[in-house]
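Listing of run-v8.csv, CSV, C-alpha atoms and all ligand atoms
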```
chain,number,residue,atom,x,y,z
A,520,MET,CA,41.3,115.9,176.8
A,521,ASN,CA,42.1,116.1,180.5
A,522,GLY,CA,44.1,113.4,182.1
A,523,ASN,CA,41.2,111.4,183.6
A,524,VAL,CA,39.3,111.5,180.3
A,525,GLN,CA,42.4,110.3,178.5
A,526,GLN,CA,42.7,107.4,180.9
A,527,VAL,CA,39.1,106.3,180.4
A,528,TYR,CA,39.6,106.5,176.7
A,529,GLU,CA,42.7,104.3,176.9
A,530,LEU,CA,40.8,101.7,179.1
A,531,LEU,CA,37.9,101.7,176.6
A,532,LYS,CA,40.2,100.4,173.9
A,533,GLN,CA,39.9,97.0,175.6
A,534,VAL,CA,36.1,96.9,174.9
A,535,THR,CA,35.3,95.2,171.6
A,536,ASP,CA,32.2,94.3,169.7
A,537,PRO,CA,31.3,90.8,171.0
A,538,GLU,CA,30.2,89.7,167.5
A,539,ILE,CA,33.2,91.2,165.7
A,540,PRO,CA,36.0,91.0,168.3
A,541,VAL,CA,38.6,92.7,166.0
A,542,LEU,CA,36.7,96.0,166.3
A,543,SER,CA,37.0,98.1,169.5
A,544,LEU,CA,34.5,100.8,170.5
A,545,GLU,CA,37.0,103.3,169.2
A,546,ASP,CA,37.2,101.6,165.8
A,547,LEU,CA,33.4,101.4,165.6
A,548,GLY,CA,33.2,105.1,166.2
A,549,VAL,CA,30.5,104.8,168.8
A,550,ILE,CA,32.1,106.9,171.7
A,551,ARG,CA,30.5,110.3,171.7
A,552,ASP,CA,31.6,111.7,175.0
A,553,ILE,CA,33.5,110.9,178.2
A,554,ASP,CA,32.9,113.0,181.3
A,555,VAL,CA,34.7,112.4,184.6
A,556,ASN,CA,33.8,114.3,187.7
A,557,ASP,CA,34.6,113.7,191.4
A,558,SER,CA,32.1,110.9,191.9
A,559,GLU,CA,31.3,109.4,188.5
A,560,ILE,CA,32.3,108.5,185.0
A,561,ILE,CA,29.8,109.1,182.2
A,562,VAL,CA,30.4,107.5,178.9
A,563,THR,CA,28.0,108.6,176.0
A,564,ILE,CA,27.8,106.2,173.1
A,565,SER,CA,25.8,106.1,169.8
A,566,PRO,CA,23.8,102.9,169.2
A,567,THR,CA,24.8,101.2,165.9
A,568,TYR,CA,21.5,99.5,164.9
A,569,SER,CA,18.5,100.1,167.2
A,570,GLY,CA,17.9,96.4,167.9
A,571,CYS,CA,21.5,95.3,167.9
A,572,PRO,CA,22.0,92.9,170.9
A,573,ALA,CA,25.8,93.6,170.9
A,574,MET,CA,25.1,97.1,172.2
A,575,GLU,CA,23.8,95.9,175.5
A,576,VAL,CA,26.8,93.7,175.9
A,577,MET,CA,29.2,96.6,175.1
A,578,GLU,CA,27.5,98.8,177.6
A,579,GLN,CA,28.0,96.2,180.3
A,580,ASP,CA,31.6,95.7,179.2
A,581,ILE,CA,32.3,99.4,179.5
A,582,VAL,CA,31.0,99.3,183.1
A,583,ASP,CA,33.0,96.2,183.9
A,584,VAL,CA,36.3,97.4,182.5
A,585,LEU,CA,36.1,100.8,184.1
A,586,LYS,CA,35.1,99.3,187.5
A,587,LYS,CA,37.8,96.7,187.3
A,588,GLU,CA,40.7,98.8,186.0
A,589,GLY,CA,39.6,102.3,186.9
A,590,HIS,CA,40.4,102.3,190.6
A,591,ARG,CA,44.1,101.5,189.9
A,592,VAL,CA,44.5,104.8,188.2
A,593,GLY,CA,42.3,106.7,190.7
A,594,LEU,CA,39.1,107.0,188.7
A,595,PRO,CA,35.7,107.1,190.4
A,596,SER,CA,33.9,103.7,190.6
A,597,ASN,CA,30.4,105.0,189.7
A,598,ILE,CA,30.0,104.4,186.0
A,599,ARG,CA,27.1,105.5,183.9
A,600,VAL,CA,26.6,104.7,180.2
A,601,GLU,CA,24.3,107.0,178.3
A,602,THR,CA,23.1,106.5,174.7
A,603,GLN,CA,22.7,109.4,172.3
A,604,LEU,CA,20.5,108.9,169.2
A,605,SER,CA,21.3,112.0,167.2
A,606,PRO,CA,23.1,112.4,165.1
A,607,ALA,CA,22.5,108.8,164.1
A,608,TRP,CA,25.5,106.6,164.0
A,609,THR,CA,26.9,105.9,160.5
A,610,THR,CA,29.5,103.5,159.2
A,611,ASP,CA,31.4,106.6,158.1
A,612,TRP,CA,32.5,106.8,161.7
A,613,ILE,CA,34.3,103.4,161.6
A,614,THR,CA,38.0,104.3,161.6
A,615,GLU,CA,40.5,103.4,158.9
A,616,LYS,CA,42.2,101.1,161.3
A,617,GLY,CA,38.8,99.5,162.0
A,618,LYS,CA,38.2,99.0,158.3
A,619,LYS,CA,41.5,97.4,157.8
A,620,ALA,CA,40.9,95.1,160.7
A,621,LEU,CA,37.6,94.0,159.3
A,622,PHE,CA,39.1,93.1,155.9
A,623,GLU,CA,41.9,91.1,157.5
A,624,TYR,CA,39.3,89.3,159.6
A,625,GLY,CA,37.4,88.3,156.5
A,626,ILE,CA,34.6,90.9,156.4
A,627,MET,CA,34.5,93.4,153.6
A,628,PRO,CA,34.2,96.9,155.2
A,629,PRO,CA,31.6,99.5,154.2
A,630,SER,CA,32.4,100.7,150.7
A,631,LYS,CA,31.2,104.1,149.7
A,632,SER,CA,32.3,103.6,146.1
A,633,GLY,CA,30.2,100.4,146.0
A,634,GLU,CA,33.2,98.3,145.0
A,635,ILE,CA,33.1,95.1,147.0
A,636,LEU,CA,36.2,92.9,147.1
A,637,CYS,CA,36.5,89.3,148.3
A,638,PRO,CA,38.5,89.5,151.6
A,639,GLN,CA,40.0,86.1,150.8
A,640,CYS,CA,41.5,86.7,147.3
A,641,GLU,CA,40.6,90.4,146.7
A,642,SER,CA,38.7,89.5,143.5
A,643,LYS,CA,36.1,92.0,142.3
A,644,GLN,CA,34.0,89.1,140.9
A,645,VAL,CA,31.4,88.8,143.7
A,646,GLU,CA,27.7,88.3,143.9
A,647,LEU,CA,25.0,89.1,146.5
A,648,ILE,CA,23.5,86.1,148.2
A,649,SER,CA,21.3,87.8,150.8
A,650,GLN,CA,20.8,91.4,152.0
A,651,PHE,CA,21.2,90.3,155.5
A,652,GLY,CA,24.1,88.1,156.8
A,653,SER,CA,24.7,86.7,160.2
A,654,THR,CA,23.7,90.1,161.8
A,655,ALA,CA,21.6,93.1,160.6
A,656,CYS,CA,24.7,95.2,159.9
A,657,LYS,CA,26.0,92.7,157.3
A,658,ALA,CA,25.0,91.3,153.9
A,659,LEU,CA,26.1,87.9,152.6
A,660,TYR,CA,28.2,87.7,149.4
A,661,ARG,CA,30.0,85.0,147.5
A,662,CYS,CA,33.2,85.3,145.5
A,663,THR,CA,32.8,83.8,142.1
A,664,ASP,CA,36.6,83.4,141.7
A,665,CYS,CA,37.5,81.5,144.9
A,666,LEU,CA,33.9,80.5,145.6
A,667,GLU,CA,34.2,81.6,149.3
A,668,PRO,CA,31.1,83.2,150.9
A,669,PHE,CA,31.8,86.3,152.9
A,670,ASP,CA,30.1,89.0,154.9
A,671,TYR,CA,30.0,92.6,153.8
A,672,PHE,CA,29.5,95.3,156.4
A,673,LYS,CA,26.9,97.5,154.8
A,674,CYS,CA,27.0,101.2,154.5
A,675,HIS,CA,24.6,102.6,157.0
B,170,MET,CA,1.2,113.3,172.5
B,171,GLN,CA,1.5,110.2,174.6
B,172,ASP,CA,-1.3,108.6,172.6
B,173,TYR,CA,0.5,109.4,169.3
B,174,VAL,CA,3.8,107.9,170.5
B,175,GLN,CA,2.0,104.9,172.0
B,176,ASN,CA,0.4,104.2,168.6
B,177,LEU,CA,3.8,104.3,166.8
B,178,ALA,CA,5.4,102.2,169.5
B,179,ASP,CA,2.7,99.6,169.5
B,180,ASN,CA,2.7,99.3,165.7
B,181,THR,CA,6.4,98.4,165.8
B,182,LEU,CA,6.1,96.2,168.9
B,183,ILE,CA,3.3,94.0,167.6
B,184,LEU,CA,4.7,93.8,164.0
B,185,GLY,CA,8.1,92.8,165.5
B,186,GLN,CA,6.5,90.1,167.7
B,187,ARG,CA,4.6,88.7,164.6
B,188,LEU,CA,7.9,88.6,162.7
B,189,ALA,CA,9.6,86.9,165.6
B,190,GLU,CA,7.2,84.0,165.1
B,191,TRP,CA,9.0,83.2,161.8
B,192,CYS,CA,12.3,82.7,163.6
B,193,GLY,CA,13.6,79.2,162.7
B,194,LEU,CA,10.7,78.7,160.3
B,195,GLY,CA,11.7,80.8,157.3
B,196,PRO,CA,11.4,79.3,153.8
B,197,PHE,CA,15.2,79.0,153.5
B,198,LEU,CA,18.2,79.8,155.7
B,199,GLU,CA,19.2,83.2,154.2
B,200,GLU,CA,15.6,84.3,154.3
B,201,ASP,CA,15.1,83.2,157.9
B,202,LEU,CA,18.2,85.3,158.8
B,203,ALA,CA,17.0,88.3,156.8
B,204,LEU,CA,13.5,88.3,158.3
B,205,THR,CA,14.7,87.9,161.9
B,206,ASN,CA,17.2,90.7,161.4
B,207,THR,CA,14.4,92.9,160.1
B,208,CYS,CA,12.4,91.8,163.2
B,209,LEU,CA,15.3,92.8,165.5
B,210,ASP,CA,15.5,96.3,163.9
B,211,ILE,CA,11.8,96.7,164.4
B,212,ILE,CA,11.9,95.5,168.0
B,213,GLY,CA,14.8,98.0,168.6
B,214,GLN,CA,12.6,100.8,167.3
B,215,ALA,CA,9.8,99.6,169.5
B,216,LYS,CA,12.1,99.8,172.5
B,217,MET,CA,13.1,103.4,171.8
B,218,LEU,CA,9.5,104.4,171.2
B,219,LEU,CA,8.2,102.6,174.2
B,220,GLU,CA,10.8,104.2,176.4
B,221,PHE,CA,9.6,107.6,175.1
B,222,ALA,CA,6.0,106.6,175.6
B,223,ALA,CA,6.7,105.6,179.2
B,224,GLU,CA,8.5,108.9,179.8
B,225,LEU,CA,5.5,110.9,178.4
B,226,LYS,CA,3.2,109.0,180.8
B,227,GLU,CA,5.0,110.6,183.7
B,228,GLY,CA,4.2,107.7,186.0
B,229,ASN,CA,6.3,104.8,187.3
B,230,GLU,CA,5.8,102.6,184.3
B,231,THR,CA,8.8,101.5,182.3
B,232,ALA,CA,9.0,100.4,178.6
B,233,ASP,CA,8.8,96.8,179.7
B,234,ASP,CA,5.7,97.5,181.8
B,235,LEU,CA,4.0,99.0,178.7
B,236,ALA,CA,4.9,96.0,176.6
B,237,PHE,CA,4.1,93.2,179.1
B,238,MET,CA,1.6,94.5,181.6
B,239,ARG,CA,-1.0,96.3,179.5
B,240,ASP,CA,-4.2,94.5,178.4
B,241,GLN,CA,-5.4,94.2,174.9
B,242,HIS,CA,-7.7,97.3,175.0
B,243,GLU,CA,-4.8,99.5,176.0
B,244,PHE,CA,-2.8,98.7,172.9
B,245,LYS,CA,-3.0,101.4,170.2
B,246,ASN,CA,-1.6,99.6,167.2
B,247,VAL,CA,-3.4,99.4,163.9
B,248,ILE,CA,-5.2,96.1,163.3
B,249,LEU,CA,-3.0,95.4,160.2
B,250,VAL,CA,0.1,94.6,162.3
B,251,GLU,CA,-1.7,92.0,164.5
B,252,GLN,CA,-3.0,90.0,161.5
B,253,PRO,CA,-1.6,86.5,161.5
B,254,ASN,CA,1.5,85.7,159.4
B,255,GLY,CA,-0.4,83.5,157.0
B,256,ASP,CA,1.8,82.2,154.2
B,257,TYR,CA,4.9,84.1,153.2
B,258,SER,CA,3.0,86.3,150.7
B,259,GLN,CA,0.8,87.5,153.5
B,260,THR,CA,3.7,88.2,155.8
B,261,MET,CA,5.7,90.0,153.1
B,262,LEU,CA,2.7,92.1,151.9
B,263,ARG,CA,1.9,93.2,155.4
B,264,GLN,CA,5.6,94.0,155.7
B,265,TYR,CA,5.7,95.9,152.5
B,266,PHE,CA,2.7,98.0,153.5
B,267,MET,CA,4.3,98.8,156.8
B,268,ASP,CA,7.8,99.5,155.3
B,269,VAL,CA,6.4,102.0,152.8
B,270,TYR,CA,4.5,103.6,155.7
B,271,HIS,CA,7.5,103.7,158.0
B,272,VAL,CA,9.8,105.1,155.4
B,273,HIS,CA,7.5,108.1,154.8
B,274,LEU,CA,6.6,108.4,158.5
B,275,TYR,CA,10.2,108.5,159.7
B,276,GLN,CA,11.3,110.8,156.9
B,277,ALA,CA,8.6,113.3,158.0
B,278,LEU,CA,9.3,112.8,161.7
B,279,SER,CA,13.1,113.3,161.3
B,280,THR,CA,12.3,117.0,161.1
B,281,SER,CA,9.8,117.0,163.9
B,282,THR,CA,9.9,119.9,166.3
B,283,ASN,CA,10.1,117.3,169.1
B,284,GLN,CA,13.8,116.6,169.3
B,285,LYS,CA,13.4,113.1,170.9
B,286,LEU,CA,11.0,112.0,168.2
B,287,ALA,CA,13.2,113.4,165.5
B,288,GLY,CA,16.2,111.5,166.8
B,289,ILE,CA,14.3,108.2,167.0
B,290,ALA,CA,13.0,108.7,163.5
B,291,ALA,CA,16.3,109.6,161.9
B,292,LYS,CA,17.9,106.5,163.4
B,293,SER,CA,15.0,104.2,162.4
B,294,LEU,CA,14.8,105.6,158.8
B,295,LYS,CA,18.1,104.1,157.9
B,296,GLU,CA,16.9,100.7,158.9
B,297,VAL,CA,13.4,100.8,157.2
B,298,VAL,CA,14.8,102.0,153.9
B,299,TYR,CA,16.7,98.7,153.7
B,300,HIS,CA,13.7,96.7,154.8
B,301,LEU,CA,11.6,98.2,152.0
B,302,GLU,CA,14.1,97.2,149.4
B,303,ARG,CA,13.7,93.6,150.4
B,304,SER,CA,9.9,93.5,150.9
B,305,GLU,CA,9.4,95.3,147.5
B,306,LEU,CA,11.5,92.7,145.8
B,307,TRP,CA,9.6,89.9,147.4
B,308,ILE,CA,6.2,91.3,146.2
B,309,LYS,CA,7.5,91.6,142.7
B,310,ARG,CA,9.1,88.2,142.8
B,311,MET,CA,5.9,86.5,143.9
B,312,ALA,CA,3.6,88.6,141.7
B,313,LEU,CA,5.7,87.9,138.6
B,314,GLY,CA,6.7,84.3,139.6
B,315,THR,CA,4.6,81.2,139.1
B,316,ASP,CA,0.8,81.0,138.8
B,317,GLU,CA,0.7,79.8,142.4
B,318,SER,CA,2.9,82.5,143.8
B,319,PHE,CA,0.8,85.1,142.0
B,320,GLN,CA,-2.5,83.6,143.2
B,321,ARG,CA,-1.2,83.7,146.8
B,322,VAL,CA,0.0,87.2,146.8
B,323,GLN,CA,-3.3,88.3,145.1
B,324,ALA,CA,-5.2,86.5,147.8
B,325,SER,CA,-3.2,88.3,150.5
B,326,LEU,CA,-3.8,91.7,148.7
B,327,ASP,CA,-7.6,90.9,148.7
B,328,LYS,CA,-7.3,90.2,152.4
B,329,LEU,CA,-5.0,93.0,153.7
B,330,TRP,CA,-5.8,95.9,151.5
B,331,HIS,CA,-8.7,97.0,153.7
B,332,TYR,CA,-6.5,97.4,156.7
B,333,HIS,CA,-4.2,100.2,155.3
B,334,HIS,CA,-6.8,103.0,155.8
B,335,GLU,CA,-6.3,102.9,159.5
B,336,LEU,CA,-2.7,104.0,159.2
B,337,PHE,CA,-3.9,107.4,158.0
B,338,GLU,CA,-6.8,108.1,160.2
B,339,GLU,CA,-7.2,111.6,161.4
B,340,THR,CA,-8.1,112.6,164.9
B,341,GLU,CA,-8.5,116.1,166.5
B,342,SER,CA,-5.5,115.6,168.8
B,343,LEU,CA,-3.4,114.4,165.8
B,344,THR,CA,-4.4,117.5,163.8
B,345,GLU,CA,-3.2,119.6,166.7
B,346,LEU,CA,0.2,117.8,166.8
B,347,VAL,CA,0.6,118.2,163.1
B,348,LYS,CA,0.0,122.0,163.5
B,349,GLN,CA,2.7,122.1,166.1
B,350,GLY,CA,5.1,120.4,163.7
B,351,ILE,CA,5.4,117.4,166.1
B,352,ALA,CA,3.5,114.7,164.2
B,353,ALA,CA,3.5,113.7,160.5
B,354,ASP,CA,0.4,114.8,158.5
B,355,PRO,CA,-1.7,111.6,157.8
B,356,ASN,CA,-3.0,113.1,154.6
B,357,VAL,CA,0.4,113.7,153.2
B,358,LEU,CA,1.5,110.2,154.3
B,359,LYS,CA,-1.5,108.6,152.6
B,360,GLN,CA,-0.7,110.3,149.3
B,361,LEU,CA,2.9,109.2,149.4
B,362,TRP,CA,2.0,105.7,150.5
B,363,LEU,CA,-0.6,105.3,147.7
B,364,LYS,CA,1.8,106.7,145.1
B,365,ASP,CA,4.4,104.1,146.0
B,366,VAL,CA,2.1,101.2,146.4
B,367,ASN,CA,0.2,101.9,143.2
B,368,ALA,CA,3.5,102.2,141.3
B,369,LEU,CA,4.6,98.8,142.5
B,370,LEU,CA,1.3,97.1,141.9
B,371,ALA,CA,1.2,98.6,138.4
B,372,SER,CA,4.4,96.9,137.5
B,373,THR,CA,2.7,93.5,138.3
B,374,PRO,CA,-0.6,91.9,137.3
B,375,LEU,CA,-1.9,92.4,140.9
B,376,GLU,CA,-5.2,94.1,141.3
B,377,ILE,CA,-6.5,96.1,144.2
B,378,PRO,CA,-9.9,94.8,145.3
B,379,GLN,CA,-12.6,97.1,143.9
B,380,LYS,CA,-15.1,96.9,146.7
B,381,GLY,CA,-14.5,96.7,150.3
B,382,TRP,CA,-14.5,98.0,153.8
B,383,LYS,CA,-12.2,99.9,156.0
B,384,ALA,CA,-10.6,98.5,159.1
B,385,THR,CA,-10.8,100.9,162.1
B,386,GLY,CA,-10.7,100.9,165.9
B,387,GLY,CA,-7.2,99.7,166.7
B,388,ARG,CA,-6.0,103.1,167.7
B,389,LYS,CA,-8.9,103.3,170.2
B,390,GLY,CA,-8.0,99.9,171.6
B,391,HIS,CA,-10.7,97.9,169.7
B,392,HIS,CA,-8.8,95.0,168.2
B,393,SER,CA,-9.3,91.8,166.2
B,394,GLU,CA,-9.4,88.5,168.0
B,395,TYR,CA,-5.8,87.8,167.0
B,396,LEU,CA,-4.2,90.4,169.3
B,397,GLY,CA,-5.4,88.8,172.6
B,398,LEU,CA,-4.0,85.4,171.6
B,399,MET,CA,-0.7,87.0,170.7
B,400,LEU,CA,-0.5,88.9,174.0
B,401,CYS,CA,-1.2,85.7,175.9
B,402,GLU,CA,2.0,84.2,174.5
B,403,MET,CA,4.1,87.4,174.5
B,404,GLN,CA,3.2,88.5,178.1
B,405,PHE,CA,3.0,85.1,179.7
B,406,LEU,CA,6.4,85.1,181.4
B,407,GLN,CA,6.2,88.6,182.9
B,408,ARG,CA,2.6,87.9,184.1
B,409,ALA,CA,3.4,84.5,185.6
B,410,TYR,CA,6.8,85.6,187.1
B,411,PRO,CA,6.7,89.4,187.5
B,412,ASN,CA,10.0,91.2,187.2
B,413,SER,CA,11.8,88.1,186.1
B,414,GLU,CA,15.0,88.7,184.2
B,415,TRP,CA,17.7,86.8,182.4
C,1,ZN,ZN,37.7,85.3,146.5
```
Please go through the file and, once you have read it, give me the structure as structure tokens.
Amino acid sequence: MNGNVQQVYELLKQVTDPEIPVLSLEDLGVIRDIDVNDSEIIVTISPTYSGCPAMEVMEQDIVDVLKKEGHRVGLPSNIRVETQLSPAWTTDWITEKGKKALFEYGIMPPSKSGEILCPQCESKQVELISQFGSTACKALYRCTDCLEPFDYFKCH
Amino acid sequence: MQDYVQNLADNTLILGQRLAEWCGLGPFLEEDLALTNTCLDIIGQAKMLLEFAAELKEGNETADDLAFMRDQHEFKNVILVEQPNGDYSQTMLRQYFMDVYHVHLYQALSTSTNQKLAGIAAKSLKEVVYHLERSELWIKRMALGTDESFQRVQASLDKLWHYHHELFEETESLTELVKQGIAADPNVLKQLWLKDVNALLASTPLEIPQKGWKATGGRKGHHSEYLGLMLCEMQFLQRAYPNSEW
């Protein structure tokens, strides 16, 4: 990574998912490429779900952060955000740090083994309430031990 | 090619718009959320496909222009997706038919020789697989539920069955695209679709109507009366206040 690209990467750590503020773009694993030339910064990201309204907000936030902070470190002020469909984004790209942050925030992170724990009391005694939670990426569960409902970030 | 992508785009756009009508009216809260999230995925797919359709037109039209500024006869969707929501059994049966179709369609298109189409399909496939799990469960639940739920889903089957044929219509230009490895073969899709649907129906007392007719025309722009009414509502804002944004 050259110096400019590294600087953009650092700045982008400020951009978080508006619906899950504990997850940064980096945690979500959506940043595919950063290109900085003399006149512009091009950030390429993978959309999570095709209809996810958070994506548009994140694209705008990328532009805002780089415009606002970029000039201080001498980066160009023209920002372009491109989306790349393939390979399709997968929850495997969520970082370990991101998964930990989700659990602490009260959302069970994607579980490849299929084992779903209650983020409140870590009980394995849970039941599915609905295949979709508050957003398309989550399902709604309930812990039958502490009785708290919680979101599960589905494997995708 | 443009025609093919426009058909796929319009199928998702019109289906998505129909599902959006349920927003806030679902039978219970969790189901309301689930159906509107399904709707959001499908509208997202429509957006990707419409952007591609606009690109293929090589004019100045954007995806939004294609959604909001075309008239009824310019829409290429199958007539099934514009059918009214009816009761929940009708909505879910229409959804089930389209989910099975989309799963096989996107599976086939994910290896299309057209990179763009392959990318959209691979992305969308992950979403529709999940939709299918839900709609399949609903059909079973209603078919094996009470007398009334069975009667209702049977009535919806009697009504909607005749519309599925249109999903698998062949045209000369489509055959050409299939040869080039761009489009999915409608005959293969039909076999896969029938296999899945028959298997599900066989696990319930539901019966396919013996006699009937075949819906046709949507892909040429000949629609049922329902599409125009839907477009009036969907397009009103952009027609009355062109280029307005929020
Ligand atoms: Zn618990």
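Here CA of Val600 (chain A) and CA of Lys616 (chain A) stand 24.8 Å from one another.
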Neighbour list for Glu538 (chain A) as a PyMOL selection string, cut-off 10 Å, only C-alpha atoms, skip fewer than 6 positions in-chain: chain A and resi 572-573+576+653-654
Within 7 Å of ligand ZN 1 (chain C), counting all atoms listed in the file, residues as a PyMOL selection string: chain A and resi 637-642+662-667
Find the nearest atom pair between each residue of chain A and chain B for residues within 6 Å, count all atoms listed in the file, give distances in Å to one decimal, sort rows by chain and ascending number, and present the table as a tab-separated table.
```
residue	atom	partner	partner_atom	distance
A:Ser569	CA	B:Gly213	CA	4.5
A:Gly570	CA	B:Gly213	CA	3.6
A:Leu604	CA	B:Gly288	CA	5.6
A:Ser605	CA	B:Gly288	CA	5.1
A:Ala607	CA	B:Lys292	CA	5.2
A:Phe651	CA	B:Ala203	CA	4.8
A:Ala655	CA	B:Asn206	CA	5.1
```
Close residues, region 578-592 of chain A itself excluded, 10 Å, only C-alpha atoms, min 5 positions apart in chain, as number ranges by chain: A: 523, 526-528, 530-537, 544, 560-564, 573, 597-602
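Between CA of Ile183 (chain B) and CA of Leu396 (chain B) lies a distance of 8.5 Å.
The list of residues with at least one atom within 10 Å of Ala353 (chain B), based on only C-alpha atoms and without residues fewer than 6 positions apart in the same chain, reads B:His273, B:Leu274, B:Tyr275, B:Gln276, B:Ala277, B:Leu278, B:Ser279, B:Thr280, B:Ser281, B:Leu343, B:Thr344, B:Leu346, B:Val347.
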Model the absent atoms of region 295-308 of chain B so that N, CA and C atoms are present, and write the result as an mmCIF file, keeping the file's coordinate frame.
```cif
data_model
loop_
_atom_site.group_PDB
_atom_site.id
_atom_site.type_symbol
_atom_site.label_atom_id
_atom_site.label_comp_id
_atom_site.auth_asym_id
_atom_site.auth_seq_id
_atom_site.Cartn_x
_atom_site.Cartn_y
_atom_site.Cartn_z
ATOM 1 N N LYS B 295 17.059 104.857 158.558
ATOM 2 C CA LYS B 295 18.100 104.100 157.900
ATOM 3 C C LYS B 295 17.833 102.652 157.786
ATOM 4 N N GLU B 296 17.167 102.148 158.810
ATOM 5 C CA GLU B 296 16.900 100.700 158.900
ATOM 6 C C GLU B 296 15.707 100.341 157.942
ATOM 7 N N VAL B 297 14.625 101.135 158.005
ATOM 8 C CA VAL B 297 13.400 100.800 157.200
ATOM 9 C C VAL B 297 13.617 100.913 155.728
ATOM 10 N N VAL B 298 14.502 101.806 155.326
ATOM 11 C CA VAL B 298 14.800 102.000 153.900
ATOM 12 C C VAL B 298 15.291 100.627 153.336
ATOM 13 N N TYR B 299 16.112 100.001 154.125
ATOM 14 C CA TYR B 299 16.700 98.700 153.700
ATOM 15 C C TYR B 299 15.641 97.599 153.751
ATOM 16 N N HIS B 300 14.747 97.659 154.754
ATOM 17 C CA HIS B 300 13.700 96.700 154.800
ATOM 18 C C HIS B 300 12.788 96.743 153.574
ATOM 19 N N LEU B 301 12.519 97.993 153.181
ATOM 20 C CA LEU B 301 11.600 98.200 152.000
ATOM 21 C C LEU B 301 12.203 97.615 150.754
ATOM 22 N N GLU B 302 13.499 97.763 150.564
ATOM 23 C CA GLU B 302 14.100 97.200 149.400
ATOM 24 C C GLU B 302 13.790 95.714 149.253
ATOM 25 N N ARG B 303 13.844 95.053 150.420
ATOM 26 C CA ARG B 303 13.700 93.600 150.400
ATOM 27 C C ARG B 303 12.183 93.237 150.226
ATOM 28 N N SER B 304 11.282 93.889 150.957
ATOM 29 C CA SER B 304 9.900 93.500 150.900
ATOM 30 C C SER B 304 9.326 93.818 149.464
ATOM 31 N N GLU B 305 9.810 94.919 148.883
ATOM 32 C CA GLU B 305 9.400 95.300 147.500
ATOM 33 C C GLU B 305 9.777 94.222 146.527
ATOM 34 N N LEU B 306 11.010 93.781 146.687
ATOM 35 C CA LEU B 306 11.500 92.700 145.800
ATOM 36 C C LEU B 306 10.734 91.453 145.907
ATOM 37 N N TRP B 307 10.357 91.116 147.131
ATOM 38 C CA TRP B 307 9.600 89.900 147.400
ATOM 39 C C TRP B 307 8.211 89.971 146.692
ATOM 40 N N ILE B 308 7.551 91.137 146.808
ATOM 41 C CA ILE B 308 6.200 91.300 146.200
ATOM 42 C C ILE B 308 6.320 91.106 144.697
#
```
